[in-house]
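First comes the structure, then the notes that go with it.
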Amino acid sequence: MSRTALPRHGRVALASHSELLQAALGGPTPPPTRQELRMKGINHPRNDETLNPSGNASIHDVIDAVDDSRRLFVKGSVSATALSAAGGLTLSGLTATVQAAPVAPGLGFPGIGFESVPASVAPVADRVTVPAGYSAELFVAWGDAIAAGGPAFAPDASNTAADQERQYGEHTDGMAFMPFAGADGKPVSDRGLLCANNEYTHEEILTPMGVPGASIEHVRKSQAAHGVSILEARRRNGRWMVVKNSPYGRRLTANSKMRVSGPAAGHVLLQSNEYLIKPTETVPTGKTSDGRMVYGTINNCAHGITPWGTYLTCEENFNGNFGTAGTMPAGEQAVINNRYGVTASGFGYAWDKQDPRFDLALNPKEPNLFGWVVEIDPYDPKSVPVKRTALGRFKHESAQYVVDKNGHLAVYMGDDERNEYIYKFVSAGKYDPKNRAANRNLLDQGVLYVARFDATLRGQWLALLPGTIGLNGMALRDNPHFQGADDAEVQAKILIKTRMAADAVGATMMDRPSASTAWHCATTRISRVPTMPRCRPRS
């Protein structure tokens with residue numbers, strides 16, 4: 001398969017990546033080990049094992065407790081009659097009934113104007129299938145130049161880490177098109193910036209050696225392939241193209257400078273060891289950081305945008321990038337690590353073998369600097385991304401906003417792991433649509449809430465604040481996990497240990513909540529939900 005034919009979008013293109021490099025790297029690669037499967041491809045971390053030690057009710061418990069007379073059959077677009085006509089609840093029956101079809105506009109819905117494509121069943125073909133009248137073509141691929149001076153992709157994987165820092169990263173997840181404004185001040189449809197998350201790496205084809213952690217060169221390239229890619233996109237003569245030498249093109253990687261803001265900024269739990277990051281080594285300075293200027297964003301999953309035109313990238317499975325051959329941290333940090341799944345083995349990236357910043361024995365607080373929502377201004381290529389701690393620390397999958405009639409901004413989020421929670425943040429300040437600069441720190445002050453669902457078909461947003469009373473009858477400020485010198489420190493600890501605070505107040509455990517809004521929540525996996533009540537917290 002030629003490189004130009006590859007549908008190189010994240011997980012879809014994994015097999016094609018391997019085909020592309022097999023010849024260059026000396027023939028077929030051996031079957032992946034279990035550890036390798038945990039970090040890439042269709043077996044990229046599934047997050048299906050619970051890390052939640054609480055006894056909180058799950059959404060399954062809530063559903064089971066709903067009065068039978070108030071239950072509703074899950075409907076979607078398939079009726080019981082249609083299921084029966086198609087053969088009932090069988091794979092072939094369901095496959096036949098989940099086909100999309102044109103839907104007329106109505107009730108504020110613009111409609112669906114394209115025909116369905118057939119459902120893909122095993123063996124699934126390695127191709128992109130689109131409806132009749134549509135076409136798909138390669139726009140950008142891993143290794144394509146997106147910034148000034150970026151070199152071409154090397155099929156033998158010989159591009160260096162420095163090259164990768166000017167090339168499109170690996171394995172795309174969330175993305176957003178941010179249009180430029182025309183002469184009339186309105187967004188144009190033929191020029192803009194594409195912001196795309198590069199969630200994880202396929203280590204075996206990343207370098208010619210293809211051995212995770214084998215050298216600092218390999219680790220640096222892996223770190224450079226993570227993060228976010230920002231590129232300028234233009235449509236000319238009906239076709240989209242990447243402006244390869246655009247001044248807006250840049251990469252944000254595991255080693256890019258970031259700022260930490262909000263209530264947890266500067267807290268001692270964020271003051272990791274300080275290092276000088278060089279191409280061939282990571283050198284300890286012997287000092288600790290201030291917890292306000294840090295390096296890197298990794299495992300960037302889904303995303304969000306703001307109404308003032310910034311991009312939100314969500315850090316998810318950051319725990320897998322750490323490891324150690326030494327002694328794991330004890331005490332408070334050990335408790336945090338257990339709740340967030342930080343282990344000595346990690347997911348097999350083996351960065352810790354070459355980079356002490358990711359060695360849990362040498363730099364135990366570094367994981368606390370990840371698991372945040374990071375705000376990026378794509379229109380200012382010199383701007384420093386900001387980790388917004390007011391939005392909490394967990395395995396962020398998505399961040400979707402709503403502005404209410406009074407101008408307050410709410411951001412809805414899901415923690416994408418089995419038995420984790422749904423959150424929303426409500427800003428203290430108001431959005432000013434006429435003054436972009438006035439909104440710059442709107443995500444720093446406000447209240448973070450977690451959702452509890454009840455069998456009465458109602459729900460409640462529980463504020464994660466020092467005075468909130470937990471299930472044990474104790475205010476969070478008095479809970480040993482969050483105690484501090486004052487409420488400001490308590491709030492910082494609540495945000496750094498968001499999962500533990502949600503446990504304490506009795507939030508409802510969900511099945512990998514992903515994209516959340518004021519109206520619905522998409523879960524990655526629901527293992528047993530025969531019926532579903534209309535149950536959500538009031539927005």
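By order in the structure tokens, chains are A, B, ...; within a chain, residues start at 1; ligands start at 1, following the order shown.
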
- Query: Using only C-alpha atoms, which residues sit within 12 Å of A:Leu465 once same-chain residues fewer than 5 positions away are excluded, as a PyMOL selection string?
  - Reply: chain A and resi 263+390+392+425+446-450+470+475-479+482+487-495+498+501-502+504-505

- Task: Write out as a PyMOL selection string the residues lying within 7 Å of stretch 285-288 of chain A, counting only C-alpha atoms and excluding same-chain residues fewer than 3 positions away.
- Result: chain A and resi 271-276

Restrict the selected residues to N, CA, C and O atoms and save them as a short mmCIF file (atom, residue, chain, number, x, y, z; two decimals), in the first residue's frame.
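The file below, out18.cif, is the result:
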```
data_model
loop_
_atom_site.label_atom_id
_atom_site.label_comp_id
_atom_site.auth_asym_id
_atom_site.auth_seq_id
_atom_site.Cartn_x
_atom_site.Cartn_y
_atom_site.Cartn_z
N GLN A 271 4.97 20.77 42.78
CA GLN A 271 6.38 21.20 42.75
C GLN A 271 7.28 19.98 42.58
O GLN A 271 7.85 19.45 43.53
N SER A 272 7.39 19.55 41.34
CA SER A 272 8.24 18.40 41.03
C SER A 272 9.69 18.82 40.95
O SER A 272 10.02 20.00 41.06
N ASN A 273 10.56 17.86 40.73
CA ASN A 273 11.98 18.18 40.58
C ASN A 273 12.21 18.95 39.27
O ASN A 273 11.52 18.73 38.28
N GLU A 274 13.16 19.84 39.30
CA GLU A 274 13.45 20.69 38.14
C GLU A 274 14.55 20.06 37.29
O GLU A 274 15.54 19.54 37.82
N TYR A 275 14.36 20.12 35.97
CA TYR A 275 15.34 19.55 35.04
C TYR A 275 15.59 20.51 33.87
O TYR A 275 14.72 21.31 33.52
N LEU A 276 16.77 20.37 33.30
CA LEU A 276 17.07 21.01 32.03
C LEU A 276 16.88 19.96 30.94
O LEU A 276 17.53 18.91 30.98
#
```

Taking only C-alpha atoms into account, produce a table as a Markdown table in which each residue of stretch 387-416 of chain A with an atom at most 9 Å from an atom of stretch 365-381 of chain A appears once, together with its shortest atom pair and the distance in Å to one decimal, ordered by chain and rising number.
```
| residue | atom | partner | partner_atom | distance |
| --- | --- | --- | --- | --- |
| A:Lys387 | CA | A:Val374 | CA | 4.3 |
| A:Arg388 | CA | A:Val373 | CA | 5.8 |
| A:Thr389 | CA | A:Trp372 | CA | 6.5 |
| A:Leu391 | CA | A:Val373 | CA | 6.8 |
| A:Gly392 | CA | A:Trp372 | CA | 6.5 |
| A:Arg393 | CA | A:Gly371 | CA | 5.0 |
| A:Phe394 | CA | A:Gly371 | CA | 5.1 |
| A:Lys395 | CA | A:Gly371 | CA | 5.6 |
| A:His396 | CA | A:Gly371 | CA | 6.6 |
| A:Ser398 | CA | A:Val373 | CA | 8.8 |
| A:Ala399 | CA | A:Val373 | CA | 7.9 |
```

- Message: Residues near stretch 419-421 of chain A, anyone? I mean within 6 Å using only C-alpha atoms, not counting same-chain ones fewer than 3 positions away, as a PyMOL selection string.
- Response: chain A and resi 50+415+509-511

- Identify which of the residues A:Val386, A:Ala428, A:Ala361, A:Met474 lies closest to A:Asn406, counting only C-alpha atoms when measuring atom-to-atom distances.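 Residue with the minimum atom-to-atom distance to A:Asn406: A:Ala428.
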
- Would you list, as a ChimeraX atom specification, the residues of stretch 129-346 of chain A that end up in helix (DSSP H, G or I) under DSSP run on this structure's backbone? /A:161-164,203-205,216-225,268-270,318-321,331-340

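Using only C-alpha atoms, the smallest distance between any of A:Lys221, A:Arg259, A:Trp240, A:Arg458 and A:Ala136 comes from A:Trp240.
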
- Item | A:Ala57 environment, 10 Å, only C-alpha atoms, sequence neighbours closer than 4 positions dropped, as a count of residues only | 11

- Task: Write out as a list in words which residues come within 8 Å of A:Arg292 when counting only C-alpha atoms, dropping same-chain ones fewer than 5 positions away.
- Result: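 Near A:Arg292, the qualifying residues are Arg259, Val260, Ser261, Ala265, Gly266 and Leu270 of chain A.
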
- Task: Would you kindly return, as number ranges by chain, each protein, DNA or RNA residue with an atom no farther than 8 Å from any atom of A:Asp352, considering only C-alpha atoms and excluding same-chain residues fewer than 3 positions away?
- Result: A: 213, 322-324, 355-360

Expected file: the selected residues, C-alpha atoms, as an mmCIF file, in the first residue's frame:
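So part_34.cif came out as:
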```cif
data_model
loop_
_atom_site.group_PDB
_atom_site.id
_atom_site.type_symbol
_atom_site.label_atom_id
_atom_site.label_comp_id
_atom_site.auth_asym_id
_atom_site.auth_seq_id
_atom_site.Cartn_x
_atom_site.Cartn_y
_atom_site.Cartn_z
ATOM 1 C CA GLY A 213 13.312 3.214 25.854
ATOM 2 C CA PHE A 322 5.619 6.915 33.742
ATOM 3 C CA GLY A 323 7.525 4.045 35.276
ATOM 4 C CA THR A 324 10.501 3.097 37.407
ATOM 5 C CA ASP A 355 14.527 10.399 31.084
ATOM 6 C CA PRO A 356 14.572 10.855 34.889
ATOM 7 C CA ARG A 357 11.673 13.308 34.664
ATOM 8 C CA PHE A 358 9.383 10.319 34.063
ATOM 9 C CA ASP A 359 11.041 8.047 36.648
ATOM 10 C CA LEU A 360 8.666 7.737 39.592
#
```

- In Å, with one decimal, what is the gap from atom CA of A:Ala148 to atom CA of A:Tyr248?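 Computing the Euclidean distance for atom CA of A:Ala148 and atom CA of A:Tyr248 yields 9.0 Å.
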
- Message: Considering only strand (DSSP E) as DSSP defines it on the backbone, what residues of stretch 261-303 of chain A qualify? List them as a ChimeraX atom specification.
- Response: /A:261,273-278,281-288,293-295,300-303

Save out the residues we just selected, C-alpha atoms, as a compact mmCIF listing (two decimals), in the first residue's frame.
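Output contents, as saved in again36.txt:
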```
# COMPACT_ATOMS: atom_id res chain seq x y z
CA SER A 261 -3.04 28.42 36.54
CA ASN A 273 11.98 18.18 40.58
CA GLU A 274 13.45 20.69 38.14
CA TYR A 275 15.34 19.55 35.04
CA LEU A 276 17.07 21.01 32.03
CA ILE A 277 15.68 19.26 28.97
CA LYS A 278 18.32 18.81 26.28
CA GLU A 281 19.86 14.19 28.13
CA THR A 282 17.62 15.43 30.93
CA VAL A 283 19.78 17.11 33.55
CA PRO A 284 18.60 17.60 37.15
CA THR A 285 19.27 21.09 38.55
CA GLY A 286 18.97 19.98 42.16
CA LYS A 287 16.04 22.34 42.65
CA THR A 288 12.28 21.90 42.70
CA MET A 293 5.80 26.62 34.99
CA VAL A 294 6.02 23.03 33.81
CA TYR A 295 6.79 20.99 30.71
CA ASN A 300 -4.21 14.08 24.55
CA CYS A 301 -7.57 12.49 23.89
CA ALA A 302 -10.71 14.42 22.99
CA HIS A 303 -10.96 18.17 23.08
```

- Query: Residues at most 10 Å from A:Gly346, counting only C-alpha atoms, excluding those fewer than 4 positions away in the same chain, as JSON, numbers by chain?
  - Reply: {"A": [35, 38, 39, 318, 319, 320, 321, 322, 323, 324, 341, 342, 350, 351, 352]}

Can you spit out the residues from that selection as a CSV table (one decimal), in the first residue's frame, using all heavy atoms?
```csv
chain,number,residue,atom,x,y,z
A,35,GLN,N,2.3,-6.3,26.7
A,35,GLN,CA,2.6,-4.9,27.1
A,35,GLN,C,2.5,-4.0,25.9
A,35,GLN,O,2.0,-2.9,26.0
A,35,GLN,CB,4.0,-4.8,27.8
A,35,GLN,CG,4.3,-3.5,28.4
A,35,GLN,CD,5.6,-3.4,29.0
A,35,GLN,OE1,6.6,-3.8,28.4
A,35,GLN,NE2,5.7,-3.0,30.3
A,38,ARG,N,-0.9,-3.0,25.0
A,38,ARG,CA,-1.6,-2.1,26.0
A,38,ARG,C,-1.4,-0.6,25.6
A,38,ARG,O,-2.0,0.3,26.2
A,38,ARG,CB,-1.1,-2.3,27.4
A,38,ARG,CG,-1.5,-3.6,28.0
A,38,ARG,CD,-0.8,-3.9,29.3
A,38,ARG,NE,-1.0,-2.9,30.3
A,38,ARG,CZ,-0.3,-2.7,31.3
A,38,ARG,NH1,0.7,-3.5,31.6
A,38,ARG,NH2,-0.5,-1.7,32.2
A,39,MET,N,-0.5,-0.3,24.7
A,39,MET,CA,-0.2,1.1,24.4
A,39,MET,C,-0.4,1.5,23.0
A,39,MET,O,-0.2,2.7,22.7
A,39,MET,CB,1.3,1.3,24.8
A,39,MET,CG,2.3,0.5,24.0
A,39,MET,SD,4.0,0.8,24.5
A,39,MET,CE,4.2,2.4,23.8
A,318,PHE,N,-2.4,9.6,30.9
A,318,PHE,CA,-1.0,10.1,31.3
A,318,PHE,C,-0.2,9.1,32.1
A,318,PHE,O,1.0,9.1,32.1
A,318,PHE,CB,-1.1,11.5,32.0
A,318,PHE,CG,-1.8,11.4,33.3
A,318,PHE,CD1,-1.1,11.1,34.5
A,318,PHE,CD2,-3.2,11.6,33.4
A,318,PHE,CE1,-1.8,11.0,35.7
A,318,PHE,CE2,-3.8,11.5,34.6
A,318,PHE,CZ,-3.1,11.2,35.7
A,319,ASN,N,-1.0,8.3,32.9
A,319,ASN,CA,-0.3,7.4,33.9
A,319,ASN,C,0.6,6.4,33.2
A,319,ASN,O,1.6,6.0,33.7
A,319,ASN,CB,-1.3,6.7,34.7
A,319,ASN,CG,-2.4,5.9,33.8
A,319,ASN,OD1,-2.9,6.5,32.9
A,319,ASN,ND2,-2.6,4.7,34.1
A,320,GLY,N,0.3,6.1,31.9
A,320,GLY,CA,1.1,5.1,31.2
A,320,GLY,C,2.4,5.5,30.7
A,320,GLY,O,3.2,4.7,30.3
A,321,ASN,N,2.7,6.8,30.8
A,321,ASN,CA,4.0,7.3,30.3
A,321,ASN,C,5.1,7.3,31.4
A,321,ASN,O,6.2,7.7,31.2
A,321,ASN,CB,3.8,8.7,29.8
A,321,ASN,CG,3.0,8.8,28.5
A,321,ASN,OD1,1.8,8.6,28.6
A,321,ASN,ND2,3.6,8.9,27.4
A,322,PHE,N,4.7,6.9,32.6
A,322,PHE,CA,5.6,6.9,33.7
A,322,PHE,C,6.0,5.5,34.1
A,322,PHE,O,5.3,4.5,33.7
A,322,PHE,CB,5.0,7.6,35.0
A,322,PHE,CG,4.8,9.1,34.8
A,322,PHE,CD1,3.6,9.6,34.2
A,322,PHE,CD2,5.8,10.0,35.2
A,322,PHE,CE1,3.5,10.9,34.0
A,322,PHE,CE2,5.6,11.3,35.0
A,322,PHE,CZ,4.4,11.8,34.5
A,323,GLY,N,7.1,5.3,34.8
A,323,GLY,CA,7.5,4.0,35.3
A,323,GLY,C,8.8,4.2,36.1
A,323,GLY,O,9.3,5.3,36.4
A,324,THR,N,9.3,3.1,36.6
A,324,THR,CA,10.5,3.1,37.4
A,324,THR,C,11.0,1.7,37.6
A,324,THR,O,10.2,0.7,37.7
A,324,THR,CB,10.3,3.8,38.8
A,324,THR,OG1,11.6,3.9,39.4
A,324,THR,CG2,9.4,3.0,39.7
A,341,GLY,N,-4.0,5.2,38.8
A,341,GLY,CA,-3.4,4.1,38.0
A,341,GLY,C,-2.0,4.3,37.6
A,341,GLY,O,-1.5,3.7,36.6
A,342,VAL,N,-1.2,5.0,38.4
A,342,VAL,CA,0.2,5.2,38.1
A,342,VAL,C,1.0,4.0,38.7
A,342,VAL,O,1.0,3.8,39.9
A,342,VAL,CB,0.7,6.5,38.7
A,342,VAL,CG1,2.2,6.7,38.4
A,342,VAL,CG2,-0.1,7.7,38.1
A,350,ALA,N,8.5,3.2,28.4
A,350,ALA,CA,9.9,3.1,28.9
A,350,ALA,C,10.6,4.4,28.9
A,350,ALA,O,11.8,4.4,28.8
A,350,ALA,CB,10.6,2.0,28.2
A,351,TRP,N,9.9,5.6,28.9
A,351,TRP,CA,10.6,6.8,29.0
A,351,TRP,C,11.5,6.9,30.2
A,351,TRP,O,12.6,7.6,30.1
A,351,TRP,CB,9.6,8.0,29.0
A,351,TRP,CG,8.8,8.2,27.7
A,351,TRP,CD1,9.0,7.5,26.5
A,351,TRP,CD2,7.8,9.2,27.4
A,351,TRP,NE1,8.1,7.9,25.6
A,351,TRP,CE2,7.4,9.0,26.1
A,351,TRP,CE3,7.2,10.1,28.2
A,351,TRP,CZ2,6.4,9.8,25.5
A,351,TRP,CZ3,6.3,11.0,27.6
A,351,TRP,CH2,5.9,10.8,26.3
A,352,ASP,N,11.1,6.3,31.3
A,352,ASP,CA,11.8,6.4,32.5
A,352,ASP,C,13.2,5.8,32.4
A,352,ASP,O,14.1,6.2,33.2
A,352,ASP,CB,11.1,5.8,33.7
A,352,ASP,CG,10.8,4.3,33.4
A,352,ASP,OD1,10.0,4.0,32.5
A,352,ASP,OD2,11.4,3.4,34.0
```

- What gap, in Å, lies between atom CA of A:Thr297 and atom CA of A:Ile205?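 Result for atom CA of A:Thr297 versus atom CA of A:Ile205: 21.8 Å, one decimal.
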
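With atom CA of A:Asp290 on one side and atom CA of A:Glu217 on the other, the separation reads 28.3 Å.
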